[in-house]
Every structure is written in structure tokens, then in C-alpha cells.
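As stored in entry-v8.pdb (PDB, C-alpha atoms and all ligand atoms):
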ATOM      1  CA  MET P  20      14.666 -62.276 -36.340
ATOM      2  CA  LYS P  21      15.011 -64.318 -33.261
ATOM      3  CA  TYR P  22      17.968 -63.522 -31.206
ATOM      4  CA  PHE P  23      20.731 -65.886 -30.575
ATOM      5  CA  SER P  24      21.643 -66.700 -27.118
ATOM      6  CA  LEU P  25      23.931 -68.783 -25.247
ATOM      7  CA  LEU P  26      23.727 -72.272 -24.180
ATOM      8  CA  PHE P  27      26.698 -72.187 -21.899
ATOM      9  CA  ILE P  28      28.582 -75.408 -21.808
ATOM     10  CA  PHE P  29      31.270 -74.557 -19.377
ATOM     11  CA  CYS P  30      33.470 -76.207 -16.853
ATOM     12  CA  ALA P  31      32.381 -79.525 -18.259
ATOM     13  CA  SER P  32      35.673 -81.101 -17.412
ATOM     14  CA  LEU P  33      34.665 -80.912 -13.765
ATOM     15  CA  PHE P  34      31.772 -83.180 -14.558
ATOM     16  CA  ALA P  35      31.524 -86.689 -15.787
ATOM     17  CA  ASP P  36      30.339 -87.391 -19.301
ATOM     18  CA  ALA P  37      27.811 -90.090 -20.087
ATOM     19  CA  HIS P  38      27.028 -91.319 -23.589
ATOM     20  CA  ILE P  39      23.623 -92.086 -25.020
ATOM     21  CA  LEU P  40      23.798 -94.280 -28.087
ATOM     22  CA  CYS P  41      21.145 -94.250 -30.809
ATOM     23  CA  TYR P  42      20.476 -97.329 -32.952
ATOM     24  CA  HIS P  43      17.830 -98.016 -35.605
ATOM     25  CA  ARG P  44      17.975-101.220 -37.691
ATOM     26  CA  PHE P  45      19.749-104.499 -37.134
ATOM     27  CA  ASP P  46      20.967-106.923 -39.821
ATOM     28  CA  ASP P  47      19.085-105.104 -42.563
ATOM     29  CA  PRO P  48      20.336-106.343 -45.944
ATOM     30  CA  LYS P  49      19.278-103.257 -47.960
ATOM     31  CA  PRO P  50      22.237-100.979 -48.733
ATOM     32  CA  LYS P  51      20.032 -97.878 -48.704
ATOM     33  CA  TYR P  52      19.773 -98.188 -44.926
ATOM     34  CA  LYS P  53      23.485 -98.485 -44.282
ATOM     35  CA  HIS P  54      23.582 -95.234 -42.264
ATOM     36  CA  THR P  55      21.023 -96.561 -39.824
ATOM     37  CA  ASN P  56      21.830-100.247 -39.836
ATOM     38  CA  ILE P  57      24.223-102.359 -37.823
ATOM     39  CA  SER P  58      24.813-106.101 -37.873
ATOM     40  CA  SER P  59      23.842-107.896 -34.681
ATOM     41  CA  LYS P  60      27.393-109.230 -34.611
ATOM     42  CA  SER P  61      28.835-105.692 -34.482
ATOM     43  CA  PHE P  62      26.163-104.664 -31.973
ATOM     44  CA  LEU P  63      27.168-107.489 -29.669
ATOM     45  CA  SER P  64      30.834-106.700 -30.073
ATOM     46  CA  GLN P  65      30.172-103.041 -29.182
ATOM     47  CA  ILE P  66      28.379-104.166 -26.021
ATOM     48  CA  ASN P  67      31.319-106.371 -25.126
ATOM     49  CA  LEU P  68      33.832-103.596 -25.856
ATOM     50  CA  LEU P  69      31.907-101.216 -23.623
ATOM     51  CA  LYS P  70      31.790-103.790 -20.841
ATOM     52  CA  ALA P  71      35.507-104.514 -21.174
ATOM     53  CA  ASP P  72      36.116-100.769 -21.020
ATOM     54  CA  GLY P  73      34.359-100.601 -17.639
ATOM     55  CA  LYS P  74      31.254 -98.828 -18.952
ATOM     56  CA  LYS P  75      28.025 -99.178 -17.020
ATOM     57  CA  PHE P  76      24.722 -99.605 -18.842
ATOM     58  CA  VAL P  77      22.054 -97.443 -17.260
ATOM     59  CA  SER P  78      18.508 -96.444 -18.127
ATOM     60  CA  LEU P  79      17.836 -93.158 -19.865
ATOM     61  CA  SER P  80      15.652 -92.138 -16.887
ATOM     62  CA  SER P  81      18.535 -92.503 -14.482
ATOM     63  CA  ILE P  82      20.602 -90.100 -16.604
ATOM     64  CA  THR P  83      17.797 -87.561 -17.048
ATOM     65  CA  THR P  84      16.890 -87.705 -13.367
ATOM     66  CA  ALA P  85      20.517 -86.974 -12.528
ATOM     67  CA  LEU P  86      20.498 -84.078 -15.020
ATOM     68  CA  LYS P  87      17.315 -82.647 -13.510
ATOM     69  CA  THR P  88      18.573 -82.833  -9.977
ATOM     70  CA  SER P  89      22.078 -81.673 -10.940
ATOM     71  CA  LYS P  90      23.534 -84.833  -9.550
ATOM     72  CA  GLN P  91      26.781 -86.219 -10.811
ATOM     73  CA  ILE P  92      26.515 -88.687 -13.633
ATOM     74  CA  ASP P  93      28.701 -91.736 -13.558
ATOM     75  CA  ALA P  94      31.546 -91.074 -16.018
ATOM     76  CA  ASN P  95      31.170 -94.615 -17.274
ATOM     77  CA  ALA P  96      27.408 -94.459 -17.817
ATOM     78  CA  VAL P  97      26.157 -95.544 -21.230
ATOM     79  CA  SER P  98      22.527 -95.682 -22.227
ATOM     80  CA  ILE P  99      21.195 -97.478 -25.278
ATOM     81  CA  THR P 100      18.301 -96.011 -27.246
ATOM     82  CA  VAL P 101      16.695 -97.454 -30.354
ATOM     83  CA  ASP P 102      14.530 -95.353 -32.668
ATOM     84  CA  ASP P 103      11.447 -96.257 -34.725
ATOM     85  CA  ALA P 104      10.586 -99.753 -33.339
ATOM     86  CA  TYR P 105      11.611-101.810 -36.347
ATOM     87  CA  LYS P 106      10.891-105.501 -36.290
ATOM     88  CA  SER P 107      14.629-106.100 -36.541
ATOM     89  CA  PHE P 108      15.071-104.592 -33.081
ATOM     90  CA  TYR P 109      12.602-107.091 -31.667
ATOM     91  CA  GLU P 110      14.154-110.020 -33.492
ATOM     92  CA  LYS P 111      17.864-109.237 -33.279
ATOM     93  CA  ALA P 112      18.834-106.717 -30.606
ATOM     94  CA  PHE P 113      16.114-107.106 -27.987
ATOM     95  CA  PRO P 114      17.053-110.726 -27.152
ATOM     96  CA  ILE P 115      20.700-109.675 -26.683
ATOM     97  CA  LEU P 116      19.745-106.827 -24.335
ATOM     98  CA  ARG P 117      17.137-108.830 -22.453
ATOM     99  CA  ASP P 118      19.452-111.779 -21.850
ATOM    100  CA  ALA P 119      22.321-109.532 -20.763
ATOM    101  CA  LYS P 120      19.920-107.497 -18.552
ATOM    102  CA  ILE P 121      21.002-104.262 -20.253
ATOM    103  CA  PRO P 122      18.556-101.349 -19.913
ATOM    104  CA  PHE P 123      17.407 -99.652 -23.114
ATOM    105  CA  THR P 124      14.862 -97.159 -24.432
ATOM    106  CA  LEU P 125      12.773 -97.866 -27.505
ATOM    107  CA  CYS P 126      11.401 -94.730 -29.233
ATOM    108  CA  VAL P 127       8.180 -95.594 -31.065
ATOM    109  CA  TYR P 128       7.035 -94.205 -34.421
ATOM    110  CA  VAL P 129       3.352 -94.568 -33.614
ATOM    111  CA  GLU P 130       1.706 -94.401 -37.044
ATOM    112  CA  ALA P 131       3.887 -97.248 -38.332
ATOM    113  CA  ILE P 132       2.689 -99.457 -35.480
ATOM    114  CA  ASP P 133      -0.965 -98.354 -35.713
ATOM    115  CA  LYS P 134      -1.063 -98.957 -39.458
ATOM    116  CA  LYS P 135       0.993-102.147 -39.224
ATOM    117  CA  TYR P 136       3.717-101.135 -41.674
ATOM    118  CA  GLY P 137       5.641-104.241 -42.690
ATOM    119  CA  ASP P 138       9.016-103.466 -41.169
ATOM    120  CA  TYR P 139       7.714-102.539 -37.737
ATOM    121  CA  MET P 140       6.876-104.166 -34.433
ATOM    122  CA  THR P 141       3.322-104.660 -33.173
ATOM    123  CA  TRP P 142       1.870-103.084 -30.022
ATOM    124  CA  GLU P 143       1.923-106.581 -28.471
ATOM    125  CA  GLN P 144       5.663-106.846 -29.091
ATOM    126  CA  ILE P 145       6.235-103.339 -27.732
ATOM    127  CA  LYS P 146       4.308-104.297 -24.583
ATOM    128  CA  GLU P 147       6.507-107.352 -24.165
ATOM    129  CA  VAL P 148       9.642-105.266 -24.646
ATOM    130  CA  SER P 149       8.377-102.707 -22.093
ATOM    131  CA  LYS P 150       8.926-105.286 -19.331
ATOM    132  CA  TYR P 151      12.664-104.961 -19.948
ATOM    133  CA  GLY P 152      13.183-101.386 -21.097
ATOM    134  CA  GLU P 153      11.654 -97.930 -21.346
ATOM    135  CA  ILE P 154       9.327 -96.983 -24.179
ATOM    136  CA  ALA P 155       9.477 -93.420 -25.480
ATOM    137  CA  LEU P 156       7.590 -91.444 -28.113
ATOM    138  CA  HIS P 157       9.020 -90.764 -31.571
ATOM    139  CA  SER P 158       6.096 -88.746 -33.041
ATOM    140  CA  TYR P 159       2.983 -89.948 -34.818
ATOM    141  CA  ALA P 160       3.808 -89.479 -38.511
ATOM    142  CA  HIS P 161       7.619 -89.264 -38.389
ATOM    143  CA  LYS P 162       7.849 -86.012 -40.352
ATOM    144  CA  ASP P 163      10.478 -83.296 -40.364
ATOM    145  CA  LEU P 164       8.924 -81.327 -37.494
ATOM    146  CA  THR P 165      10.584 -78.084 -38.576
ATOM    147  CA  LYS P 166       8.285 -78.105 -41.627
ATOM    148  CA  LEU P 167       5.048 -78.390 -39.613
ATOM    149  CA  THR P 168       2.974 -75.485 -38.336
ATOM    150  CA  ALA P 169       2.594 -75.238 -34.560
ATOM    151  CA  ASP P 170      -0.953 -76.640 -34.857
ATOM    152  CA  GLU P 171       0.193 -79.543 -37.018
ATOM    153  CA  LEU P 172       2.960 -80.338 -34.569
ATOM    154  CA  LYS P 173       0.562 -80.227 -31.624
ATOM    155  CA  LYS P 174      -1.859 -82.518 -33.467
ATOM    156  CA  ASP P 175       0.888 -84.975 -34.394
ATOM    157  CA  THR P 176       2.015 -85.161 -30.769
ATOM    158  CA  THR P 177      -1.526 -85.361 -29.366
ATOM    159  CA  ASP P 178      -2.386 -88.187 -31.796
ATOM    160  CA  ALA P 179       0.823 -90.021 -30.933
ATOM    161  CA  LEU P 180       0.181 -89.726 -27.199
ATOM    162  CA  ALA P 181      -3.454 -90.845 -27.511
ATOM    163  CA  SER P 182      -2.587 -94.035 -29.381
ATOM    164  CA  PHE P 183       0.467 -94.762 -27.248
ATOM    165  CA  GLU P 184      -1.489 -94.398 -24.009
ATOM    166  CA  LYS P 185      -4.401 -96.447 -25.332
ATOM    167  CA  HIS P 186      -2.118 -99.358 -26.192
ATOM    168  CA  MET P 187       0.530 -99.105 -23.498
ATOM    169  CA  GLY P 188      -1.565 -97.844 -20.584
ATOM    170  CA  PHE P 189       0.919 -95.154 -19.565
ATOM    171  CA  LYS P 190       2.311 -91.851 -20.815
ATOM    172  CA  PRO P 191       5.787 -91.992 -22.360
ATOM    173  CA  LYS P 192       8.395 -90.110 -20.351
ATOM    174  CA  GLN P 193      10.693 -89.207 -23.224
ATOM    175  CA  TYR P 194      10.379 -87.913 -26.783
ATOM    176  CA  ALA P 195      12.845 -88.338 -29.669
ATOM    177  CA  TYR P 196      12.676 -85.996 -32.683
ATOM    178  CA  PRO P 197      12.158 -87.791 -36.034
ATOM    179  CA  PHE P 198      15.450 -87.610 -37.991
ATOM    180  CA  GLY P 199      16.778 -85.605 -35.024
ATOM    181  CA  LEU P 200      15.431 -82.438 -36.698
ATOM    182  CA  TYR P 201      14.219 -79.511 -34.601
ATOM    183  CA  ASN P 202      14.442 -75.799 -34.108
ATOM    184  CA  ILE P 203      13.581 -73.548 -31.211
ATOM    185  CA  ASP P 204       9.827 -73.484 -32.010
ATOM    186  CA  VAL P 205       9.669 -77.265 -32.308
ATOM    187  CA  LYS P 206      11.576 -77.610 -29.067
ATOM    188  CA  ASN P 207       9.212 -75.295 -27.204
ATOM    189  CA  THR P 208       6.090 -77.030 -28.519
ATOM    190  CA  ILE P 209       7.338 -80.530 -27.660
ATOM    191  CA  LYS P 210       8.517 -79.260 -24.283
ATOM    192  CA  SER P 211       5.005 -77.968 -23.533
ATOM    193  CA  PHE P 212       3.780 -81.582 -23.463
ATOM    194  CA  GLY P 213       5.801 -82.121 -20.296
ATOM    195  CA  PHE P 214       8.193 -84.895 -21.315
ATOM    196  CA  GLU P 215      10.970 -85.609 -18.840
ATOM    197  CA  ALA P 216      13.520 -85.542 -21.643
ATOM    198  CA  ILE P 217      13.764 -84.738 -25.341
ATOM    199  CA  LEU P 218      16.332 -86.550 -27.447
ATOM    200  CA  THR P 219      18.218 -85.225 -30.471
ATOM    201  CA  VAL P 220      20.822 -86.945 -32.613
ATOM    202  CA  ASP P 221      23.248 -84.071 -32.182
ATOM    203  CA  SER P 222      26.446 -85.924 -31.581
ATOM    204  CA  GLY P 223      28.104 -85.518 -28.220
ATOM    205  CA  ALA P 224      28.287 -86.534 -24.611
ATOM    206  CA  VAL P 225      26.002 -85.468 -21.780
ATOM    207  CA  ASN P 226      26.921 -84.200 -18.372
ATOM    208  CA  VAL P 227      25.349 -82.244 -15.562
ATOM    209  CA  GLN P 228      25.365 -79.089 -17.708
ATOM    210  CA  SER P 229      23.320 -80.685 -20.499
ATOM    211  CA  ASP P 230      19.791 -79.531 -21.302
ATOM    212  CA  VAL P 231      17.228 -82.300 -20.656
ATOM    213  CA  ASN P 232      15.133 -80.885 -23.482
ATOM    214  CA  GLN P 233      17.956 -81.225 -25.959
ATOM    215  CA  ILE P 234      19.893 -84.340 -25.178
ATOM    216  CA  GLU P 235      22.818 -85.370 -27.356
ATOM    217  CA  ARG P 236      23.014 -88.898 -28.669
ATOM    218  CA  VAL P 237      25.656 -90.691 -30.657
ATOM    219  CA  ALA P 238      24.108 -92.217 -33.795
ATOM    220  CA  MET P 239      25.441 -95.734 -34.268
ATOM    221  CA  SER P 240      25.648 -97.759 -37.443
ATOM    222  CA  GLU P 241      27.944-100.269 -39.056
ATOM    223  CA  GLU P 242      29.892 -97.305 -40.434
ATOM    224  CA  THR P 243      30.317 -95.345 -37.200
ATOM    225  CA  ASP P 244      33.781 -94.984 -35.756
ATOM    226  CA  PHE P 245      32.686 -96.509 -32.491
ATOM    227  CA  LYS P 246      35.784 -95.793 -30.433
ATOM    228  CA  LEU P 247      35.863 -92.159 -31.531
ATOM    229  CA  SER P 248      32.129 -91.652 -30.913
ATOM    230  CA  ILE P 249      32.350 -92.965 -27.421
ATOM    231  CA  ALA P 250      35.370 -90.780 -26.668
ATOM    232  CA  VAL P 251      33.659 -87.490 -27.653
ATOM    233  CA  LYS P 252      33.685 -84.964 -24.834
ATOM    234  CA  PRO P 253      31.794 -81.711 -24.396
ATOM    235  CA  LEU P 254      33.895 -78.693 -25.271
ATOM    236  CA  ASP P 255      34.102 -76.301 -22.347
ATOM    237  CA  ILE P 256      33.129 -72.991 -23.915
ATOM    238  CA  THR P 257      32.325 -69.782 -22.113
ATOM    239  CA  LEU P 258      30.633 -67.211 -24.347
ATOM    240  CA  GLN P 259      30.162 -63.537 -23.794
ATOM    241  CA  LYS P 260      26.725 -62.094 -24.380
ATOM    242  CA  PRO P 261      26.666 -61.054 -28.054
ATOM    243  CA  ASN P 262      25.815 -57.535 -29.195
ATOM    244  CA  ALA P 263      22.231 -56.780 -30.263
ATOM    245  CA  GLY P 264      21.290 -56.767 -33.958
ATOM    246  CA  ALA P 265      21.346 -59.200 -36.842
ATOM    247  CA  ARG P 266      25.122 -59.410 -37.098
ATOM    248  CA  LYS P 267      26.416 -60.789 -33.858
ATOM    249  CA  THR P 268      29.954 -60.813 -32.682
ATOM    250  CA  ILE P 269      30.456 -64.086 -30.911
ATOM    251  CA  LYS P 270      33.310 -64.006 -28.437
ATOM    252  CA  GLY P 271      34.289 -66.760 -26.116
ATOM    253  CA  SER P 272      36.966 -68.839 -24.573
ATOM    254  CA  ILE P 273      37.654 -72.522 -24.352
ATOM    255  CA  GLN P 274      38.894 -74.113 -21.192
ATOM    256  CA  ASN P 275      39.630 -77.737 -21.850
ATOM    257  CA  TYR P 276      41.323 -77.668 -25.225
ATOM    258  CA  THR P 277      44.810 -76.440 -25.961
ATOM    259  CA  GLY P 278      44.900 -76.612 -29.781
ATOM    260  CA  LYS P 279      45.609 -73.521 -31.890
ATOM    261  CA  THR P 280      42.311 -73.464 -33.797
ATOM    262  CA  ILE P 281      38.698 -74.467 -33.400
ATOM    263  CA  LYS P 282      36.087 -75.051 -36.095
ATOM    264  CA  VAL P 283      32.598 -73.626 -36.050
ATOM    265  CA  TYR P 284      29.775 -74.771 -38.288
ATOM    266  CA  VAL P 285      27.563 -71.778 -39.061
ATOM    267  CA  ALA P 286      25.644 -73.003 -42.109
ATOM    268  CA  LYS P 287      26.097 -75.268 -45.094
ATOM    269  CA  GLY P 288      29.213 -74.029 -46.887
ATOM    270  CA  ASP P 289      30.151 -71.817 -43.934
ATOM    271  CA  VAL P 290      32.470 -73.753 -41.684
ATOM    272  CA  ARG P 291      35.060 -71.469 -40.138
ATOM    273  CA  THR P 292      38.396 -72.144 -38.589
ATOM    274  CA  LEU P 293      38.875 -69.764 -35.671
ATOM    275  CA  GLU P 294      42.253 -68.996 -34.236
ATOM    276  CA  LEU P 295      42.592 -69.522 -30.523
ATOM    277  CA  LYS P 296      44.652 -66.937 -28.674
ATOM    278  CA  GLU P 297      45.177 -68.138 -25.143
ATOM    279  CA  GLY P 298      41.987 -70.103 -25.595
ATOM    280  CA  LYS P 299      39.984 -67.060 -26.791
ATOM    281  CA  PHE P 300      38.176 -66.747 -30.113
ATOM    282  CA  GLU P 301      35.967 -64.255 -31.910
ATOM    283  CA  THR P 302      33.785 -64.357 -35.027
ATOM    284  CA  THR P 303      30.896 -62.424 -36.517
ATOM    285  CA  VAL P 304      27.746 -64.201 -37.572
ATOM    286  CA  ASP P 305      24.938 -62.941 -39.764
ATOM    287  CA  MET P 306      21.926 -64.373 -37.976
ATOM    288  CA  ALA P 307      19.855 -64.485 -41.152
ATOM    289  CA  LYS P 308      22.332 -66.966 -42.582
ATOM    290  CA  VAL P 309      22.708 -69.346 -39.676
ATOM    291  CA  ASN P 310      21.643 -72.923 -40.429
ATOM    292  CA  SER P 311      18.033 -74.020 -40.068
ATOM    293  CA  LYS P 312      18.585 -75.446 -36.609
ATOM    294  CA  HIS P 313      19.704 -71.989 -35.394
ATOM    295  CA  LYS P 314      22.754 -73.524 -33.907
ATOM    296  CA  LEU P 315      26.439 -72.888 -33.993
ATOM    297  CA  ILE P 316      28.392 -76.073 -33.580
ATOM    298  CA  PHE P 317      31.955 -75.858 -32.333
ATOM    299  CA  TYR P 318      34.290 -78.802 -32.732
ATOM    300  CA  THR P 319      37.922 -79.703 -32.837
ATOM    301  CA  ASP P 320      39.680 -80.999 -35.955
ATOM    302  CA  ASP P 321      39.879 -84.493 -34.548
ATOM    303  CA  HIS P 322      36.159 -84.370 -33.644
ATOM    304  CA  ARG P 323      36.926 -85.372 -30.085
ATOM    305  CA  TYR P 324      35.308 -82.290 -28.563
ATOM    306  CA  ARG P 325      32.033 -80.618 -29.502
ATOM    307  CA  ALA P 326      29.712 -77.943 -28.208
ATOM    308  CA  LYS P 327      26.765 -76.027 -29.555
ATOM    309  CA  LEU P 328      25.093 -72.720 -29.108
ATOM    310  CA  ILE P 329      21.381 -72.334 -29.755
ATOM    311  CA  GLU P 330      18.840 -69.551 -29.699
ATOM    312  CA  LYS P 331      17.496 -68.727 -26.323
ATOM    313  CA  ASP P 332      14.200 -70.304 -25.407
TER     314      ASP P 332
HETATM  315 ZN    ZN X 401      13.094 -92.292 -36.600
END
Rewrite the coordinates I just gave you, this time as C-alpha cells.
Amino acid sequence: MKYFSLLFIFCASLFADAHILCYHRFDDPKPKYKHTNISSKSFLSQINLLKADGKKFVSLSSITTALKTSKQIDANAVSITVDDAYKSFYEKAFPILRDAKIPFTLCVYVEAIDKKYGDYMTWEQIKEVSKYGEIALHSYAHKDLTKLTADELKKDTTDALASFEKHMGFKPKQYAYPFGLYNIDVKNTIKSFGFEAILTVDSGAVNVQSDVNQIERVAMSEETDFKLSIAVKPLDITLQKPNAGARKTIKGSIQNYTGKTIKVYVAKGDVRTLELKEGKFETTVDMAKVNSKHKLIFYTDDHRYRAKLIEKD
């Protein structure tokens, strides 16, 4: 059993929170994609809302560089990322971003481009897009990486890098997990390839305390509560080192939230409501039963604050 450790997310209120948005498809008519699709009309209106709200569009690199050098991040920074490299990005969203000079990062599912799957962009189109935004890696075969052996995962990443570099002429700086799925082994293997940043779709904001190898993004679709997503703040949790053994007593305190309870997601069917006494909470977790991502996710009832705790790497 791997032991659980502490990703301390503390004193976050002292730091500014940036948001990284994650989009997929644009104007797709098929209802089965509704969780990953947004109309270009809504996309444009989100951009305009963000602008009106005083948000600043920045590149993903500028956020990750700030994270790496522990520099302050602009509280109003927003970065747009788009996964998979669907043709609909090229046709619908790219022109909007290009014309408005808004930075973005496109995360490429390499096999789909290599094998010319119908819904996807071509390498030529990706090259054109790279003049205006960053191009990141999104695996070769777009599998659930937690189901691959270490060798399979290394091969997938090596294959993806080889094709990407052959076509693009440079090494991608960032990596985004397919479906946002990972665990500690996946994280360590992808990290060993030396990417500047690794992107999840764990919902939340980023600030100077965030881990560049586990960056939160807010998944956007037609159905997302946009205003709520963009208002999410990191929960300032301080955790005490848990006891040794399979059953851990998790004790901690919360600094920037004054409610009476906090929720913690342990596993499917095991979401607990913890009482806060002067901001302090305590619960016992059977490590064998923690969800597949080996994470505890803390959040408030109104979903405005979130934090997570992951195994030590
Ligand atoms: Zn994807």
C-alpha cells in the first residue's frame, strides 16, 4: 500500500488565483458530446464576459513559469486550453482567438492526426495554429493511462513525442492527460519526460502553491456554470502528517472558509460531511478504499472552494 501524503494547499488566500479553462469541441451537433461541446456563440460570449470582468488572457507558459519561479500570478489571469485538436477548433474557435489576439494552448491527440481520423485537424493546420498559440501533447493513443503498464505508458509517450517532433519541429512543453485520468505512477512516468507542466481536468484555480505537474483546469462546455467555475478558489487547508498504517487519521484546519461543515470525497459512494470546529476537522480513511486517483477532494457545499490531497511522489 502506498502511503498517503500531503499536498499542502495553504495560505492560498495570500496568493492570486488564475484559471485555466479546458475546451474540446465547438458547435458539434451530436448530443452525445454535450459534455465536451460548446457553441461558438457561447464561447464568444464567455470571452467577452471575461474581458468585461477585467480578466487578462495569458499563455499557459507564462502561468507555469510563474509557478516554477514562485512568482505572483496575476489574479485576473485566464488561460485557454483546448484538448484533442478537433477540426471544429480550427474552424470555429481558432479564428475567434486569432483575430482577438488571445493566447491559447492546443493539446494534440497524436494518433488521431497521424491516422487522419475524420473529426480531427491535420498537421498542416496544427502548424498554422502554432503561429498563434502553444501546442502541447495529449498522448499518442488517448487511452486511460491508469490502465497501462509503465512500459506501455512510456511507449505511448515516446511514440507521441516522435511524431509530434517530426511534424512540428520542436518538443512540446506541456502534456495533458487523456480524459484527465492519472494516478501517482502515471504522474511520475509522464514527469520523467521533462515536460514543463502537466495538465489535469481536476476542477479548481491555480496559484503559486500549485504543483506544475498536476495543474487544475476548469472543463468548459455548453452546460458548465461558467460564472461559478471561474469563481472557484483554492481551499486553504493545512494538514497534519497522518499516522502510519492503512487506516489514516486525517486531521487538518481550514483558513479561508468560515462555514460549519466541509465535504470530502473519499471514493464513489463515500462522500463525507465533516464538522468544522474553529476551522478544524478530523476523519479516518481506509487507504485501501480511497478512489482510484488516490486523492481526497475537499470542497464546500456551494462548490466555490476546493482542495485535494494526493499520495506523496
Ligand atoms: Zn482528450
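Applied to the file shown here, the PyMOL selection byres (((chain P and resi 294) around 7) and not hetatm) selects Lys279, Thr280, Ile281, Thr292, Leu293, Leu295, Lys296 and Phe300 of chain P.
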Å distance separating CA of Met140 in chain P from CA of Tyr109 in chain P, one decimal place: 7.0 Å
Any residue with an atom at most 6 Å from ligand ZN 401 (chain X) counts, using all atoms listed in the file. Which are they? Put them as an mmCIF file with C-alpha atoms, keeping the file's coordinate frame.
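That gives us selection-v3.cif:
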data_model
loop_
_atom_site.group_PDB
_atom_site.id
_atom_site.type_symbol
_atom_site.label_atom_id
_atom_site.label_comp_id
_atom_site.auth_asym_id
_atom_site.auth_seq_id
_atom_site.Cartn_x
_atom_site.Cartn_y
_atom_site.Cartn_z
ATOM 1 C CA ASP P 102 14.530 -95.353 -32.668
ATOM 2 C CA ASP P 103 11.447 -96.257 -34.725
ATOM 3 C CA PRO P 197 12.158 -87.791 -36.034
ATOM 4 C CA PHE P 198 15.450 -87.610 -37.991
#
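Selection by the PyMOL selection byres (((chain P and resi 122) around 7) and not hetatm) on the present file picks out Phe76, Val77, Ser78, Lys120, Ile121, Phe123, Tyr151 and Gly152 of chain P.
Evaluated against this file, the PyMOL selection byres (((chain P and resi 53) around 12) and not hetatm) yields Tyr42, His43, Arg44, Phe45, Asp46, Asp47, Pro48, Lys49, Pro50, Lys51, Tyr52, His54, Thr55, Asn56, Ile57, Ser58, Met239, Ser240, Glu241, Glu242 and Thr243 of chain P.
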Quick one: axis-aligned box around all listed atoms of range 150-165 of chain P, 5 Å on every side, centre and edge lengths in Å to one decimal, written as AutoDock Vina command-line options.
--center_x 8.1 --center_y -91.7 --center_z -29.8 --size_x 20.2 --size_y 37.2 --size_z 31.0
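Among the candidates P:Thr88, P:Thr319, P:Gln228, P:Ser158, the one nearest to Lys282 in chain P when counting only C-alpha atoms is P:Thr319.
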Which residues come within 9 Å of Tyr276 in chain P, counting all atoms listed in the file, excluding same-chain residues fewer than 2 positions away, as a ChimeraX atom specification? /P:254-255,273-274,278-279,298,319,324
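Among the candidates P:Thr141, P:Val227, P:Ile132, P:Ala119, the residue lying nearest to Lys90 in chain P is P:Val227 (atoms considered: only C-alpha atoms).
Remark: for Val205 in chain P, the closest of the candidate residues P:Thr177, P:Thr165, P:Asn262, P:Thr219 is P:Thr165 (distances computed over only C-alpha atoms).
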Which residues, written as JSON, numbers by chain, have at least one atom at most 10 Å from Tyr194 in chain P, with all atoms listed in the file counted and residues fewer than 2 positions away on the same chain left out? {"P": [126, 127, 154, 155, 156, 157, 158, 176, 191, 192, 196, 197, 209, 210, 212, 213, 214, 215, 216, 217, 218, 219, 232]}
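Distance-wise, CA of Ile39 in chain P and CA of Thr257 in chain P end up 24.1 Å apart.
Of the listed residues (P:Val309, P:Ala37, P:Ala112, P:Leu172), P:Ala37 comes nearest to Lys75 in chain P; the distances count only C-alpha atoms.
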Any idea what the distance is between CA of Ser182 in chain P and CA of Ala160 in chain P? 12.0 Å
